[in-house]
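Peer 1: Dropping a structure here in structure tokens format, bear with me for questions.
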Amino acid sequence: MFVTGISTFADGKMGALRGLNTLFAFDFGRLTICHLGYLGHVPTQSQVEDLGTVDVLLVPVGGGDNRTPAQASEVISLFEPGIVIPMYYKIPGLAKDLGSLERFRKEVGLEKLEIQDRLKVTKSSISEETEFVVLKPRNKDGG
């Protein structure tokens, strides 16, 4: 496995408000997974190209200190991943003021988002069309 980290910002003001963020790409040979962390801006074309092909993209979608659902949609279109896993959105019990997964669903034009306990991915299981997969949030104790 190869891991690539690319420095970005955690806000839209070149880090002036929330500092730096790092995008991480995990290359497993035939499959690349990219975690955008607390990305606070739309990455540059150069940053996207530095990561290469991304098969699975974990993207913050709930706004708050990060990107709005519309901006998240723009980021997704830059990467053109096979699978998108939304993260950093409002869930029950979360004190942080974030947008809902429903708001993101509407922004990307999906009829519904199914929640899954787990996701098993192989290169051959990824379709040509971008698929959206919501993973069930888990408690600290694993429940």
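The chains in the structure tokens are called A, B, ... from first to last as shown; in each chain the residues are counted from 1, and the ligands are counted from 1 in the order shown.
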Leaving out A:Leu57 and any residue of its chain fewer than 2 positions from it, which residues lie within 9 Å of it when counting only C-alpha atoms, given as a ChimeraX atom specification?
Peer 2: /A:32-36,54-55,59,76,79-86
Peer 1: Can you list, as a ChimeraX atom specification, every protein, DNA or RNA residue that comes within 9 Å of A:Pro69 when you count only C-alpha atoms, leaving out same-chain residues fewer than 5 positions away?
Peer 2: /A:60-63,74,99,101,103-108
Peer 1: Find the spatial neighbours of A:Thr8, counting only C-alpha atoms, within a cut-off of 8 Å - ignore same-chain residues fewer than 6 positions away - and output them as a ChimeraX atom specification.
Peer 2: /A:20-23,39,43
Peer 1: Residues within 9 Å of A:Asp50, please, as a list in words. Count only C-alpha atoms; anything in the same chain fewer than 5 positions from it doesn't count.
Peer 2: Thr4, Ile6 and Gln45 of chain A
Peer 1: Those residues with C-alpha atoms, as a PDB file, in the first residue's frame please?
Peer 2:
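Written file, result34.pdb:
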ATOM      1  CA  THR A   4      -0.074  10.028  -0.346  1.00  0.00           C
ATOM      2  CA  ILE A   6      -1.546  16.483   0.079  1.00  0.00           C
ATOM      3  CA  GLN A  45      -6.889  20.764 -10.471  1.00  0.00           C
TER       4      GLN A  45
END
Peer 1: What is the atom CA of A:Thr122 to atom CA of A:Lys136 distance in Å?
Peer 2: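 Distance between the two atoms: 20.0 Å.
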Peer 1: Determine which residues of chain A DSSP labels as strand (DSSP E) from the backbone of this structure, then write them out as JSON, numbers by chain.
Peer 2: {"A": [2, 3, 4, 5, 6, 7, 8, 9, 20, 21, 22, 23, 24, 25, 26, 27, 32, 33, 34, 35, 56, 57, 58, 59, 60, 83, 84, 85, 86, 87, 115, 116, 131, 132, 134, 135]}
Peer 1: Generate the output file for the selected residues, C-alpha atoms, as an mmCIF file, in the first residue's frame.
Peer 2:
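The resulting file, selection10.cif, is reproduced below:
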data_model
loop_
_atom_site.group_PDB
_atom_site.id
_atom_site.type_symbol
_atom_site.label_atom_id
_atom_site.label_comp_id
_atom_site.auth_asym_id
_atom_site.auth_seq_id
_atom_site.Cartn_x
_atom_site.Cartn_y
_atom_site.Cartn_z
ATOM 1 C CA PHE A 2 1.153 3.537 -0.787
ATOM 2 C CA VAL A 3 -0.142 6.543 1.137
ATOM 3 C CA THR A 4 -0.074 10.028 -0.346
ATOM 4 C CA GLY A 5 -0.812 13.138 1.683
ATOM 5 C CA ILE A 6 -1.546 16.483 0.079
ATOM 6 C CA SER A 7 -1.667 19.657 2.125
ATOM 7 C CA THR A 8 -4.854 21.705 1.773
ATOM 8 C CA PHE A 9 -6.747 24.138 3.979
ATOM 9 C CA LEU A 20 -4.268 23.223 7.420
ATOM 10 C CA ASN A 21 -5.868 19.964 6.346
ATOM 11 C CA THR A 22 -4.345 16.931 4.673
ATOM 12 C CA LEU A 23 -6.016 14.819 1.999
ATOM 13 C CA PHE A 24 -4.917 11.208 2.225
ATOM 14 C CA ALA A 25 -4.984 8.757 -0.650
ATOM 15 C CA PHE A 26 -4.457 5.081 0.123
ATOM 16 C CA ASP A 27 -3.338 3.178 -2.961
ATOM 17 C CA THR A 32 -7.383 3.929 -4.383
ATOM 18 C CA ILE A 33 -9.337 5.353 -1.468
ATOM 19 C CA CYS A 34 -9.161 9.070 -0.708
ATOM 20 C CA HIS A 35 -10.168 10.655 2.617
ATOM 21 C CA VAL A 56 -13.589 5.619 -3.330
ATOM 22 C CA LEU A 57 -13.930 9.187 -2.042
ATOM 23 C CA LEU A 58 -14.825 10.070 1.556
ATOM 24 C CA VAL A 59 -16.101 13.634 1.446
ATOM 25 C CA PRO A 60 -17.405 16.059 4.108
ATOM 26 C CA ILE A 83 -17.992 5.396 -4.942
ATOM 27 C CA VAL A 84 -18.699 8.388 -2.710
ATOM 28 C CA ILE A 85 -19.001 7.978 1.051
ATOM 29 C CA PRO A 86 -20.484 11.105 2.654
ATOM 30 C CA MET A 87 -19.100 12.075 6.054
ATOM 31 C CA ILE A 115 -27.504 3.228 4.883
ATOM 32 C CA GLN A 116 -25.208 0.217 5.040
ATOM 33 C CA GLU A 131 -22.439 5.283 -6.502
ATOM 34 C CA PHE A 132 -23.241 6.919 -3.156
ATOM 35 C CA VAL A 134 -23.793 5.917 3.434
ATOM 36 C CA LEU A 135 -22.142 3.980 6.231
#
Peer 1: As a ChimeraX atom specification, please: every residue in chain A that DSSP puts in alpha helix (DSSP H).
Peer 2: /A:45-51,69-79,101-107
Peer 1: Could those selected residues go to a file with C-alpha atoms, as a PDB file, in the first residue's frame?
Peer 2:
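again37.pdb, freshly written:
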ATOM      1  CA  GLN A  45      -6.889  20.764 -10.471  1.00  0.00           C
ATOM      2  CA  SER A  46      -3.205  20.143  -9.679  1.00  0.00           C
ATOM      3  CA  GLN A  47      -4.064  18.654  -6.267  1.00  0.00           C
ATOM      4  CA  VAL A  48      -6.671  16.398  -7.852  1.00  0.00           C
ATOM      5  CA  GLU A  49      -4.224  15.263 -10.524  1.00  0.00           C
ATOM      6  CA  ASP A  50      -1.521  14.588  -7.905  1.00  0.00           C
ATOM      7  CA  LEU A  51      -3.834  11.993  -6.348  1.00  0.00           C
ATOM      8  CA  PRO A  69     -23.455  20.287   0.031  1.00  0.00           C
ATOM      9  CA  ALA A  70     -23.153  22.282  -3.215  1.00  0.00           C
ATOM     10  CA  GLN A  71     -19.395  22.607  -2.748  1.00  0.00           C
ATOM     11  CA  ALA A  72     -19.151  18.926  -1.818  1.00  0.00           C
ATOM     12  CA  SER A  73     -20.919  18.113  -5.072  1.00  0.00           C
ATOM     13  CA  GLU A  74     -18.360  20.214  -6.952  1.00  0.00           C
ATOM     14  CA  VAL A  75     -15.486  18.375  -5.261  1.00  0.00           C
ATOM     15  CA  ILE A  76     -17.047  15.025  -6.171  1.00  0.00           C
ATOM     16  CA  SER A  77     -17.313  16.059  -9.815  1.00  0.00           C
ATOM     17  CA  LEU A  78     -13.599  16.965  -9.868  1.00  0.00           C
ATOM     18  CA  PHE A  79     -12.546  13.522  -8.643  1.00  0.00           C
ATOM     19  CA  LEU A 101     -27.534  14.075   4.884  1.00  0.00           C
ATOM     20  CA  GLU A 102     -30.956  14.777   3.358  1.00  0.00           C
ATOM     21  CA  ARG A 103     -29.793  18.214   2.219  1.00  0.00           C
ATOM     22  CA  PHE A 104     -26.779  16.628   0.524  1.00  0.00           C
ATOM     23  CA  ARG A 105     -28.973  13.957  -1.093  1.00  0.00           C
ATOM     24  CA  LYS A 106     -31.154  16.649  -2.647  1.00  0.00           C
ATOM     25  CA  GLU A 107     -28.122  18.636  -3.830  1.00  0.00           C
TER      26      GLU A 107
END
Peer 1: For A:Asp97, find every residue with an atom within 10 Å (counting only C-alpha atoms), except residues of its own chain fewer than 2 positions away, and show them as a PyMOL selection string.
Peer 2: chain A and resi 62-65+89-90+94-95+99-100
